[in-house]
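What's in work.txt: compact mmCIF, C-alpha atoms
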# COMPACT_ATOMS: atom_id res chain seq x y z
CA MET A 1 -4.63 -20.92 -19.80
CA LYS A 2 -6.26 -17.53 -20.28
CA ALA A 3 -5.14 -16.50 -16.83
CA PHE A 4 -1.60 -17.74 -17.57
CA LEU A 5 -1.45 -15.68 -20.77
CA SER A 6 -2.88 -12.63 -19.03
CA ILE A 7 0.06 -12.63 -16.57
CA LEU A 8 2.51 -13.08 -19.43
CA LEU A 9 0.99 -10.25 -21.48
CA ARG A 10 0.69 -7.92 -18.51
CA ASP A 11 4.33 -8.37 -17.53
CA ILE A 12 5.51 -7.82 -21.09
CA LYS A 13 3.33 -4.72 -21.34
CA LEU A 14 4.67 -3.35 -18.06
CA ALA A 15 8.26 -4.03 -19.09
CA THR A 16 7.88 -2.36 -22.48
CA SER A 17 6.12 0.63 -20.94
CA SER A 18 9.30 1.25 -18.93
CA PHE A 19 11.37 1.03 -22.09
CA GLY A 20 14.22 2.98 -20.51
CA ASP A 21 14.93 0.13 -18.10
CA MET A 22 15.17 -2.33 -20.96
CA LEU A 23 17.49 -0.04 -22.89
CA THR A 24 19.73 0.50 -19.86
CA LEU A 25 20.15 -3.23 -19.55
CA VAL A 26 21.09 -3.69 -23.20
CA LEU A 27 23.50 -0.74 -23.04
CA PHE A 28 25.15 -2.21 -19.96
CA PHE A 29 25.56 -5.49 -21.84
CA ILE A 30 27.12 -3.74 -24.83
CA MET A 31 29.25 -1.54 -22.61
CA ILE A 32 31.15 -4.56 -21.27
CA GLY A 33 31.87 -5.61 -24.82
CA VAL A 34 33.14 -2.12 -25.59
CA ILE A 35 35.46 -1.69 -22.64
CA VAL A 36 37.11 -5.12 -22.85
CA PRO A 37 38.79 -4.55 -26.29
CA ILE A 38 39.87 -1.10 -25.17
CA ALA A 39 41.37 -2.44 -21.96
CA ILE A 40 43.01 -5.47 -23.59
CA GLY A 41 44.43 -3.64 -26.58
CA PRO A 42 44.10 -4.22 -30.33
CA ASP A 43 45.21 -7.86 -30.37
CA LYS A 44 42.62 -9.44 -32.67
CA ASP A 45 43.62 -13.04 -32.04
CA LEU A 46 43.52 -12.62 -28.29
CA LEU A 47 40.11 -10.94 -28.49
CA ALA A 48 38.67 -13.75 -30.60
CA LEU A 49 40.08 -16.22 -28.08
CA ILE A 50 38.45 -14.64 -25.04
CA ALA A 51 35.25 -13.50 -26.79
CA PRO A 52 33.00 -16.41 -25.64
CA GLY A 53 33.99 -15.79 -22.03
CA VAL A 54 33.48 -12.04 -22.28
CA ILE A 55 30.03 -12.43 -23.81
CA TRP A 56 28.94 -14.83 -21.09
CA ILE A 57 30.30 -12.52 -18.40
CA ALA A 58 28.36 -9.63 -19.94
CA ALA A 59 25.15 -11.67 -20.15
CA PHE A 60 25.67 -12.95 -16.62
CA LEU A 61 26.16 -9.51 -15.07
CA SER A 62 23.31 -7.94 -17.03
CA SER A 63 20.91 -10.69 -16.02
CA LEU A 64 21.87 -10.24 -12.37
CA LEU A 65 21.17 -6.54 -12.72
CA ALA A 66 17.65 -7.24 -13.93
CA LEU A 67 16.84 -9.87 -11.30
CA ASP A 68 15.35 -7.56 -8.74
CA LYS A 69 12.65 -6.42 -11.16
CA MET A 70 11.11 -9.88 -11.33
CA PHE A 71 9.01 -9.72 -8.16
CA ARG A 72 9.83 -6.41 -6.47
CA GLN A 73 7.06 -4.19 -7.84
CA ASP A 74 4.34 -6.80 -7.58
CA PHE A 75 5.41 -7.46 -4.00
CA ASP A 76 5.43 -3.78 -3.05
CA ASP A 77 2.04 -2.87 -4.50
CA GLY A 78 0.23 -5.94 -3.17
CA SER A 79 -0.28 -7.61 -6.54
CA LEU A 80 1.55 -10.76 -5.45
CA LEU A 81 -0.78 -11.15 -2.48
CA ALA A 82 -3.84 -10.69 -4.67
CA MET A 83 -2.44 -13.28 -7.09
CA ARG A 84 -2.45 -15.87 -4.31
CA HIS A 85 -6.17 -16.54 -4.80
CA ALA A 86 -6.24 -16.53 -8.60
CA SER A 87 -8.01 -19.22 -10.59
CA ILE A 88 -4.65 -20.78 -11.48
CA SER A 89 -2.03 -21.97 -9.01
CA PHE A 90 0.53 -19.55 -7.65
CA GLU A 91 3.28 -21.76 -9.09
CA ALA A 92 1.82 -21.30 -12.57
CA ILE A 93 1.79 -17.55 -12.04
CA VAL A 94 5.45 -17.58 -11.04
CA PHE A 95 6.22 -19.66 -14.14
CA ALA A 96 4.44 -17.12 -16.35
CA LYS A 97 6.40 -14.32 -14.73
CA LEU A 98 9.62 -16.25 -15.35
CA ILE A 99 8.85 -16.57 -19.06
CA ALA A 100 7.92 -12.90 -19.29
CA HIS A 101 11.16 -11.96 -17.54
CA TRP A 102 13.19 -14.00 -20.02
CA LEU A 103 11.41 -12.39 -22.95
CA THR A 104 11.83 -8.84 -21.67
CA SER A 105 15.25 -8.94 -19.98
CA ILE A 106 17.25 -11.69 -21.68
CA LEU A 107 15.96 -11.79 -25.24
CA PRO A 108 17.02 -8.16 -25.89
CA LEU A 109 20.55 -9.11 -24.79
CA ILE A 110 20.66 -12.05 -27.18
CA ILE A 111 19.44 -9.80 -29.97
CA ALA A 112 22.21 -7.32 -29.15
CA THR A 113 24.91 -10.02 -29.24
CA PRO A 114 25.98 -9.33 -32.89
CA MET A 115 27.13 -5.87 -31.77
CA LEU A 116 29.47 -7.48 -29.25
CA ALA A 117 30.64 -9.91 -31.91
CA LEU A 118 31.82 -6.96 -33.96
CA MET A 119 33.78 -5.49 -31.07
CA LEU A 120 35.36 -8.83 -30.13
CA ASN A 121 36.39 -9.97 -33.61
CA MET A 122 34.16 -13.05 -33.68
CA ASN A 123 33.49 -14.85 -36.95
CA ALA A 124 29.99 -15.81 -38.11
CA GLN A 125 30.23 -19.39 -36.91
CA ILE A 126 31.30 -18.47 -33.38
CA LEU A 127 28.54 -15.85 -33.29
CA THR A 128 25.96 -18.51 -34.18
CA TYR A 129 27.28 -20.80 -31.47
CA THR A 130 27.22 -17.91 -29.00
CA ILE A 131 23.59 -17.11 -29.72
CA ILE A 132 22.65 -20.79 -29.40
CA SER A 133 24.62 -21.14 -26.17
CA LEU A 134 23.01 -18.04 -24.65
CA THR A 135 19.52 -19.11 -25.72
CA VAL A 136 19.96 -22.54 -24.17
CA GLY A 137 21.77 -21.44 -21.03
CA THR A 138 20.04 -18.25 -19.91
CA PRO A 139 16.76 -19.93 -18.81
CA ALA A 140 18.81 -21.70 -16.12
CA LEU A 141 20.47 -18.41 -15.20
CA ILE A 142 17.22 -16.59 -14.56
CA SER A 143 15.69 -19.66 -12.89
CA PHE A 144 18.30 -19.58 -10.16
CA GLY A 145 17.89 -15.83 -10.18
CA ALA A 146 14.15 -16.15 -9.63
CA VAL A 147 14.71 -18.20 -6.48
CA GLY A 148 17.19 -15.63 -5.19
CA ALA A 149 14.84 -12.76 -6.06
CA ALA A 150 11.94 -14.50 -4.33
CA ILE A 151 13.92 -15.09 -1.15
CA THR A 152 15.16 -11.51 -0.95
CA VAL A 153 12.04 -9.70 -2.16
CA SER A 154 11.09 -8.50 1.32
CA LEU A 155 14.52 -6.99 1.95
CA ARG A 156 15.01 -3.35 1.03
CA ARG A 157 18.47 -3.92 -0.39
CA GLY A 158 17.64 -7.33 -1.77
CA GLY A 159 18.82 -6.27 -5.20
CA LEU A 160 22.42 -6.81 -4.21
CA ILE A 161 21.97 -9.85 -2.00
CA ALA A 162 20.22 -12.11 -4.51
CA PRO A 163 23.12 -12.20 -7.01
CA VAL A 164 25.61 -13.06 -4.26
CA LEU A 165 23.25 -15.76 -3.00
CA ILE A 166 22.88 -17.52 -6.34
CA LEU A 167 26.42 -17.01 -7.61
CA PRO A 168 27.75 -20.48 -6.64
CA LEU A 169 24.76 -22.16 -8.27
CA THR A 170 25.27 -20.40 -11.56
CA LEU A 171 28.93 -21.32 -12.03
CA PRO A 172 28.18 -24.57 -13.94
CA ILE A 173 26.08 -22.54 -16.37
CA LEU A 174 29.05 -20.27 -17.06
CA ILE A 175 31.46 -23.17 -17.47
CA PHE A 176 29.27 -25.15 -19.87
CA GLY A 177 28.00 -22.01 -21.57
CA VAL A 178 31.49 -20.92 -22.55
CA SER A 179 32.60 -24.39 -23.59
CA ALA A 180 29.42 -24.79 -25.67
CA ILE A 181 30.57 -21.83 -27.73
CA LYS A 182 34.03 -23.30 -28.14
CA THR A 183 32.92 -26.81 -29.07
CA GLY A 184 29.84 -26.00 -31.10
CA THR A 185 26.61 -27.90 -31.54
CA GLY A 186 25.61 -31.43 -32.43
CA VAL A 187 25.79 -34.79 -30.70
CA GLY A 188 29.10 -36.43 -29.85
CA THR A 189 32.07 -35.08 -27.92
CA GLN A 190 31.89 -31.80 -29.83
CA GLY A 191 28.42 -30.77 -28.67
CA THR A 192 28.33 -32.34 -25.21
CA ALA A 193 28.68 -29.05 -23.36
CA LEU A 194 25.60 -27.67 -25.08
CA LEU A 195 23.60 -30.77 -24.20
CA ILE A 196 24.58 -30.51 -20.55
CA LEU A 197 23.72 -26.81 -20.63
CA GLY A 198 20.29 -27.70 -22.03
CA ALA A 199 19.80 -30.32 -19.34
CA ILE A 200 20.64 -27.82 -16.59
CA SER A 201 18.14 -25.37 -18.08
CA LEU A 202 15.34 -27.92 -18.33
CA VAL A 203 15.79 -29.16 -14.78
CA THR A 204 16.04 -25.71 -13.20
CA VAL A 205 13.10 -24.31 -15.17
CA ALA A 206 11.00 -27.27 -14.03
CA PHE A 207 11.81 -26.83 -10.34
CA THR A 208 12.05 -23.06 -10.06
CA PRO A 209 8.34 -22.18 -10.09
CA PHE A 210 7.79 -24.37 -7.05
CA ALA A 211 10.83 -23.12 -5.16
CA SER A 212 10.15 -19.45 -5.93
CA ALA A 213 6.45 -19.73 -5.14
CA LEU A 214 7.28 -21.33 -1.79
CA ALA A 215 9.83 -18.62 -1.01
CA LEU A 216 7.32 -15.89 -1.91
CA LYS A 217 4.62 -17.48 0.24
CA LEU A 218 7.00 -17.57 3.20
CA THR A 219 8.04 -13.93 2.81
CA GLN A 220 4.38 -12.89 2.80
CA GLU A 221 3.76 -14.44 6.24
CA MET B 222 -27.13 -3.15 -12.33
CA PRO B 223 -26.86 -5.15 -9.13
CA ASN B 224 -25.84 -8.73 -9.66
CA LYS B 225 -28.56 -11.18 -8.60
CA GLU B 226 -26.68 -14.44 -9.01
CA ALA B 227 -26.87 -16.40 -5.73
CA TYR B 228 -24.04 -18.27 -4.05
CA SER B 229 -24.43 -21.77 -2.68
CA SER B 230 -24.91 -21.81 1.06
CA GLN B 231 -21.77 -21.87 3.16
CA GLN B 232 -20.23 -21.32 6.55
CA ILE B 233 -16.88 -20.28 7.97
CA ASN B 234 -15.84 -21.56 11.38
CA VAL B 235 -12.89 -20.16 13.26
CA SER B 236 -12.23 -22.19 16.39
CA LYS B 237 -9.55 -21.77 19.05
CA LEU B 238 -7.34 -19.95 16.57
CA SER B 239 -3.89 -18.83 17.68
CA LEU B 240 -1.54 -16.86 15.47
CA ILE B 241 2.19 -16.36 15.85
CA ARG B 242 4.06 -13.90 13.64
CA SER B 243 7.79 -13.26 14.03
CA GLU B 244 7.85 -15.29 17.26
CA ARG B 245 5.22 -13.08 18.83
CA LEU B 246 1.79 -14.29 19.86
CA ILE B 247 -0.67 -12.09 17.98
CA LEU B 248 -3.98 -13.77 18.69
CA SER B 249 -5.00 -16.63 20.89
CA ASP B 250 -8.21 -18.57 21.26
CA VAL B 251 -10.29 -16.71 18.72
CA ASN B 252 -13.71 -18.28 18.10
CA PHE B 253 -16.46 -17.21 15.75
CA SER B 254 -18.51 -18.46 12.86
CA VAL B 255 -20.30 -16.77 9.97
CA LYS B 256 -23.00 -18.18 7.71
CA SER B 257 -24.18 -17.26 4.24
CA GLY B 258 -25.79 -13.86 4.13
CA LYS B 259 -24.03 -12.57 7.25
CA ALA B 260 -21.18 -10.20 7.83
CA ILE B 261 -18.76 -9.70 10.71
CA PHE B 262 -17.07 -6.45 11.61
CA LEU B 263 -13.66 -6.89 13.17
CA ARG B 264 -12.94 -4.05 15.54
CA GLY B 265 -10.06 -3.28 17.82
CA ASP B 266 -7.18 -0.92 18.40
CA ASN B 267 -4.42 -0.50 15.84
CA GLY B 268 -1.98 -3.38 15.92
CA VAL B 269 -4.34 -5.75 17.71
CA GLY B 270 -4.26 -8.27 14.87
CA LYS B 271 -7.24 -7.56 12.61
CA THR B 272 -5.25 -7.76 9.40
CA SER B 273 -3.42 -10.86 10.64
CA LEU B 274 -6.76 -12.55 11.34
CA LEU B 275 -7.99 -11.73 7.82
CA MET B 276 -4.73 -13.00 6.32
CA ALA B 277 -5.01 -16.21 8.32
CA ILE B 278 -8.54 -16.81 7.07
CA ALA B 279 -7.33 -16.18 3.52
CA GLY B 280 -4.70 -18.88 4.08
CA TYR B 281 -1.68 -16.59 3.79
CA LEU B 282 -0.44 -17.18 7.32
CA HIS B 283 0.69 -20.30 9.07
CA ILE B 284 -1.77 -21.10 11.83
CA GLY B 285 -0.21 -21.72 15.26
CA ALA B 286 -3.09 -23.67 16.77
CA GLY B 287 -6.81 -24.12 16.21
CA GLU B 288 -8.71 -24.40 12.99
CA ILE B 289 -10.33 -22.39 10.23
CA SER B 290 -12.87 -24.50 8.39
CA TRP B 291 -15.12 -23.76 5.48
CA ARG B 292 -18.21 -25.72 4.55
CA THR B 293 -20.27 -25.41 1.43
CA ASP B 294 -23.29 -27.11 -0.13
CA ASN B 295 -21.67 -26.86 -3.51
CA ASP B 296 -21.12 -30.43 -4.76
CA ASN B 297 -18.66 -29.42 -7.42
CA GLU B 298 -15.39 -30.56 -5.87
CA GLU B 299 -13.24 -28.49 -8.17
CA GLU B 300 -14.68 -25.29 -6.81
CA ASN B 301 -14.49 -26.42 -3.23
CA SER B 302 -11.33 -24.77 -2.05
CA LEU B 303 -11.46 -21.70 0.11
CA ILE B 304 -8.57 -19.93 -1.60
CA ASP B 305 -10.45 -20.01 -4.93
CA ASN B 306 -13.60 -18.64 -3.35
CA LEU B 307 -12.46 -15.49 -1.67
CA HIS B 308 -11.66 -11.91 -2.44
CA PHE B 309 -9.09 -10.19 -0.26
CA ILE B 310 -8.92 -6.42 -0.48
CA ALA B 311 -5.84 -5.27 1.40
CA HIS B 312 -4.36 -1.83 2.11
CA GLN B 313 -2.17 -2.11 -0.92
CA THR B 314 -4.21 -1.49 -4.01
CA ALA B 315 -2.39 -3.81 -6.45
CA ILE B 316 -2.75 -1.22 -9.21
CA LYS B 317 -0.19 -0.68 -11.97
CA PRO B 318 0.17 3.07 -12.64
CA THR B 319 1.19 2.67 -16.29
CA LEU B 320 -1.82 0.60 -17.32
CA SER B 321 -5.27 2.01 -17.99
CA LEU B 322 -8.09 1.44 -15.50
CA LYS B 323 -9.72 -0.98 -17.87
CA ASP B 324 -6.51 -2.96 -18.43
CA ASN B 325 -5.85 -3.06 -14.70
CA LEU B 326 -9.26 -4.49 -13.94
CA MET B 327 -9.38 -6.72 -17.01
CA PHE B 328 -6.18 -8.38 -15.81
CA TRP B 329 -7.66 -9.27 -12.43
CA CYS B 330 -10.90 -10.33 -14.09
CA THR B 331 -9.09 -12.84 -16.31
CA LEU B 332 -6.87 -14.00 -13.46
CA TYR B 333 -9.84 -14.63 -11.17
CA GLY B 334 -11.79 -16.38 -13.93
CA GLY B 335 -14.47 -13.70 -14.22
CA ALA B 336 -16.48 -12.68 -17.27
CA PRO B 337 -14.80 -9.87 -19.28
CA GLU B 338 -18.10 -8.04 -19.88
CA LYS B 339 -18.35 -7.36 -16.14
CA VAL B 340 -15.34 -5.04 -16.19
CA ILE B 341 -17.14 -1.98 -17.57
CA ASP B 342 -20.13 -2.55 -15.29
CA ALA B 343 -17.84 -2.84 -12.28
CA LEU B 344 -16.09 0.43 -13.14
CA LYS B 345 -19.51 2.11 -13.46
CA THR B 346 -20.63 0.73 -10.12
CA VAL B 347 -17.62 2.10 -8.27
CA GLY B 348 -18.03 5.47 -10.00
CA LEU B 349 -15.05 5.44 -12.34
CA SER B 350 -16.86 5.07 -15.66
CA HIS B 351 -15.66 8.49 -16.85
CA ALA B 352 -12.00 7.46 -16.57
CA ILE B 353 -11.95 3.99 -18.14
CA ASP B 354 -9.05 4.71 -20.50
CA PHE B 355 -7.02 6.90 -18.12
CA GLU B 356 -3.70 5.65 -16.83
CA ALA B 357 -4.23 4.44 -13.28
CA GLY B 358 -1.25 6.52 -12.12
CA LEU B 359 -3.40 9.63 -12.52
CA LEU B 360 -5.94 8.51 -9.93
CA SER B 361 -6.24 9.96 -6.44
CA ALA B 362 -5.87 7.71 -3.41
CA GLY B 363 -9.63 7.41 -3.04
CA GLN B 364 -10.10 6.59 -6.71
CA LYS B 365 -7.41 3.94 -6.47
CA LYS B 366 -9.28 2.41 -3.55
CA ARG B 367 -12.44 2.41 -5.66
CA LEU B 368 -10.59 0.67 -8.46
CA SER B 369 -9.32 -2.00 -6.10
CA LEU B 370 -12.85 -2.48 -4.75
CA ALA B 371 -14.02 -3.06 -8.32
CA ARG B 372 -12.07 -6.33 -8.18
CA LEU B 373 -14.84 -7.63 -5.92
CA LEU B 374 -17.33 -7.27 -8.73
CA VAL B 375 -15.56 -8.88 -11.67
CA ALA B 376 -15.55 -12.44 -10.33
CA ASN B 377 -18.19 -14.17 -8.22
CA ARG B 378 -16.60 -15.24 -4.98
CA ALA B 379 -18.56 -16.04 -1.87
CA LEU B 380 -16.17 -14.84 0.82
CA TRP B 381 -15.09 -11.21 0.98
CA LEU B 382 -12.24 -10.31 3.29
CA LEU B 383 -11.99 -6.55 3.45
CA ASP B 384 -9.22 -4.75 5.28
CA GLU B 385 -10.25 -1.14 5.88
CA PRO B 386 -12.35 -0.95 2.71
CA THR B 387 -13.31 2.67 3.38
CA SER B 388 -9.83 4.08 3.93
CA SER B 389 -9.29 7.28 1.89
CA LEU B 390 -12.85 7.12 0.51
CA ASP B 391 -15.29 10.06 0.63
CA ARG B 392 -18.76 9.79 2.19
CA GLU B 393 -20.30 8.61 -1.04
CA GLY B 394 -17.60 5.97 -1.10
CA ASP B 395 -18.56 4.76 2.39
CA LYS B 396 -22.14 4.36 1.19
CA LEU B 397 -20.90 2.55 -1.91
CA VAL B 398 -18.98 0.05 0.22
CA ALA B 399 -22.04 -0.54 2.41
CA ASN B 400 -24.19 -1.06 -0.70
CA LEU B 401 -21.73 -3.49 -2.23
CA ILE B 402 -21.60 -5.52 0.98
CA ASP B 403 -25.40 -5.46 1.40
CA ASN B 404 -25.87 -6.72 -2.14
CA HIS B 405 -23.24 -9.40 -1.59
CA LEU B 406 -24.99 -10.61 1.59
CA GLU B 407 -28.38 -10.67 -0.12
CA ARG B 408 -26.95 -13.06 -2.67
CA GLY B 409 -25.83 -15.37 0.11
CA GLY B 410 -22.24 -14.24 0.38
CA ILE B 411 -20.13 -13.80 3.49
CA ALA B 412 -18.12 -10.72 4.41
CA ILE B 413 -15.51 -10.23 7.11
CA ILE B 414 -14.57 -6.60 7.41
CA ALA B 415 -11.91 -4.90 9.49
CA THR B 416 -13.03 -1.32 9.90
CA HIS B 417 -13.34 1.55 12.38
CA LEU B 418 -16.32 3.05 10.63
CA ASP B 419 -19.98 2.37 11.42
CA LEU B 420 -21.10 1.04 8.09
CA ASN B 421 -24.85 0.69 7.89
CA ILE B 422 -25.26 -3.01 7.17
CA LYS B 423 -28.26 -5.02 8.31
CA ASN B 424 -26.99 -8.55 8.76
CA ALA B 425 -23.77 -7.75 10.55
CA LYS B 426 -22.33 -8.67 13.92
CA THR B 427 -19.36 -7.02 15.55
CA PHE B 428 -16.37 -8.93 16.80
CA ILE B 429 -14.06 -7.05 19.12
CA LEU B 430 -10.38 -7.90 19.46
CA THR B 431 -8.61 -6.50 22.50
CA LYS B 432 -5.01 -6.49 23.56
CA THR B 433 -5.50 -7.41 27.22
CA ASN B 434 -7.26 -10.71 26.72
CA GLN B 435 -6.36 -11.57 23.20
CA HIS B 436 -9.64 -13.46 22.90
CA GLY B 437 -12.17 -11.90 20.66
CA GLU B 438 -15.73 -11.31 21.80
CA ILE B 439 -18.98 -11.04 19.95
CA ALA B 440 -20.56 -7.76 21.01

Show the structure stored in the file as structure tokens.
Amino acid sequence: MKAFLSILLRDIKLATSSFGDMLTLVLFFIMIGVIVPIAIGPDKDLLALIAPGVIWIAAFLSSLLALDKMFRQDFDDGSLLAMRHASISFEAIVFAKLIAHWLTSILPLIIATPMLALMLNMNAQILTYTIISLTVGTPALISFGAVGAAITVSLRRGGLIAPVLILPLTLPILIFGVSAIKTGTGVGTQGTALLILGAISLVTVAFTPFASALALKLTQE
Amino acid sequence: MPNKEAYSSQQINVSKLSLIRSERLILSDVNFSVKSGKAIFLRGDNGVGKTSLLMAIAGYLHIGAGEISWRTDNDNEEENSLIDNLHFIAHQTAIKPTLSLKDNLMFWCTLYGGAPEKVIDALKTVGLSHAIDFEAGLLSAGQKKRLSLARLLVANRALWLLDEPTSSLDREGDKLVANLIDNHLERGGIAIIATHLDLNIKNAKTFILTKTNQHGEIA
């Protein structure tokens, strides 16, 4: 457990020490929310209608942008190889890195969501649903991303290949993510989308450490 | 302070090992064995497969044919896996430039299950005690190598696999590496070292890999 936490803390420390990267990501996220109303025009009703979709698109693109960071540096400087003979399993290490990545790359986006809400004319209730939907759905997004990042980590230009590779897998997350905002929370027909989104997240987070660890082991051969 | 803690007795056997990487035969029919307290120098031209052999022993590579076995007298089954009992020091230093030396080493210490109080001692031993709180990005190549060698000292592991441990080190550094290995062997450890340098180590044999007959030979 100590070893698990040490990975988590190290990755968070490294991410916050390159604060500029984090800020760039959040600005990119906000930028999408800024250009959409300008491009669409000042139609408040239309903006409110498409807001859930726009926010998910913004979160989706920003998370793809951050994917490459997950393993790249540790692969290049030999840290990943040295982690292979740690006192905890390599799968556990990958899981810790996944959590750290969510905390440092996705959480800032969720925190910045209210700014988008302002631009897109969302009311308080829709904003709450959006934050819940993003919180529940993004673990699945970065889980698929982690597999893609692990497979492409040895390629120089892997940063662009991984998103293309995982795109088909992430479509259900987008579909249920957006409808979770529209239908809200709770059990019953109203909240079903959110439940399915949660199920997708739980399953992918459970399997990803094994898949990514295997992919990383193969690329190190 | 040299560490006096002894390892349980053990042996590594490499028999009829063949390695294939990217559809190319790198090594074939490699045989040797090392016991507690002994070291082996791997020598051979560049590109002959020294690093690949070390990586195969560490379990990073898929073995084409043959066997690498590890025996130990340690009865504790939980500690009886080779991958948990080795240190691998590769070319890449695995150092994060934005963290301090102490944080860098403390991370590996925790990850390898070592005792945190060893970190400062290890930094002293490798001659970096004056720079404990510096950012590791400020270090020279030789100092970075020293910092990565300090990983050997923070957790007790019986098998050391060292790939060019003296690269970019000064003469004092070469002596330091020899001392570290000597001390490790005295405690009953095993070291397999790929190097071109003549390190002055008592209990060491040399194993030569050549391109023409990919078999290794004990010289």

Exercise. Find the residues in chain A near chain B: any atom within 9 Å counts, using only C-alpha atoms. Write them as a ChimeraX atom specification.
Key: /A:2-4,6-7,10,13-14,17-18,74-88,217-218,220-221

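CA of Phe90 (chain A) is found 23.0 Å from CA of Gly285 (chain B).
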
Exercise. Would you list the residues near (22.0, -16.8, -27.9), meaning any protein, DNA or RNA residue with an atom at most 12 Å from that point in file coordinates, counting only C-alpha atoms, as a PyMOL selection string?
Key: chain A and resi 52+55-56+59+106-114+117+126-139+177-178+180-181+194

Quiz prompt | Near-Ile278 (chain B) list (12 Å; all atoms listed in the file; drop same-chain fewer than 4 positions) as a PyMOL selection string | solution = chain B and resi 233-236+238-240+251+253-254+271-274+282-284+287-291+303-304+306-309+380-383+412-414

Within 12 Å of (-27.9, -3.9, 0.8), in the coordinates the file gives, what residues turn up when you count all atoms listed in the file, written out as a PDB file with C-alpha atoms, keeping the file's coordinate frame?
ATOM      1  CA  PRO B 223     -26.860  -5.150  -9.130  1.00  0.00           C
ATOM      2  CA  ASN B 224     -25.840  -8.730  -9.660  1.00  0.00           C
ATOM      3  CA  LYS B 225     -28.560 -11.180  -8.600  1.00  0.00           C
ATOM      4  CA  GLY B 258     -25.790 -13.860   4.130  1.00  0.00           C
ATOM      5  CA  LYS B 259     -24.030 -12.570   7.250  1.00  0.00           C
ATOM      6  CA  ALA B 260     -21.180 -10.200   7.830  1.00  0.00           C
ATOM      7  CA  LYS B 396     -22.140   4.360   1.190  1.00  0.00           C
ATOM      8  CA  LEU B 397     -20.900   2.550  -1.910  1.00  0.00           C
ATOM      9  CA  VAL B 398     -18.980   0.050   0.220  1.00  0.00           C
ATOM     10  CA  ALA B 399     -22.040  -0.540   2.410  1.00  0.00           C
ATOM     11  CA  ASN B 400     -24.190  -1.060  -0.700  1.00  0.00           C
ATOM     12  CA  LEU B 401     -21.730  -3.490  -2.230  1.00  0.00           C
ATOM     13  CA  ILE B 402     -21.600  -5.520   0.980  1.00  0.00           C
ATOM     14  CA  ASP B 403     -25.400  -5.460   1.400  1.00  0.00           C
ATOM     15  CA  ASN B 404     -25.870  -6.720  -2.140  1.00  0.00           C
ATOM     16  CA  HIS B 405     -23.240  -9.400  -1.590  1.00  0.00           C
ATOM     17  CA  LEU B 406     -24.990 -10.610   1.590  1.00  0.00           C
ATOM     18  CA  GLU B 407     -28.380 -10.670  -0.120  1.00  0.00           C
ATOM     19  CA  ARG B 408     -26.950 -13.060  -2.670  1.00  0.00           C
ATOM     20  CA  GLY B 409     -25.830 -15.370   0.110  1.00  0.00           C
ATOM     21  CA  GLY B 410     -22.240 -14.240   0.380  1.00  0.00           C
ATOM     22  CA  LEU B 420     -21.100   1.040   8.090  1.00  0.00           C
ATOM     23  CA  ASN B 421     -24.850   0.690   7.890  1.00  0.00           C
ATOM     24  CA  ILE B 422     -25.260  -3.010   7.170  1.00  0.00           C
ATOM     25  CA  LYS B 423     -28.260  -5.020   8.310  1.00  0.00           C
ATOM     26  CA  ASN B 424     -26.990  -8.550   8.760  1.00  0.00           C
ATOM     27  CA  ALA B 425     -23.770  -7.750  10.550  1.00  0.00           C
TER      28      ALA B 425
END

Practice problem: For CA of Ala206 (chain A) and CA of Leu61 (chain A), quote the distance in Å rounded to one decimal. | Solution: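 Between these atoms lies a distance of 23.4 Å.
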
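One finds CA of Leu390 (chain B) at 27.1 Å from CA of Ser257 (chain B).
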
Practice problem: Fewer than 5 positions away in the same chain doesn't count, so skip those; otherwise give me all residues within 8 Å of Ile173 (chain A), counting only C-alpha atoms, as a ChimeraX atom specification. | Solution: /A:137,140-141,197,200

Exercise. Would you mind listing what lies within 9 Å of His417 (chain B) as a PyMOL selection string, with only C-alpha atoms counted and same-chain residues fewer than 3 positions away left out?
Key: chain B and resi 262-266+385+420
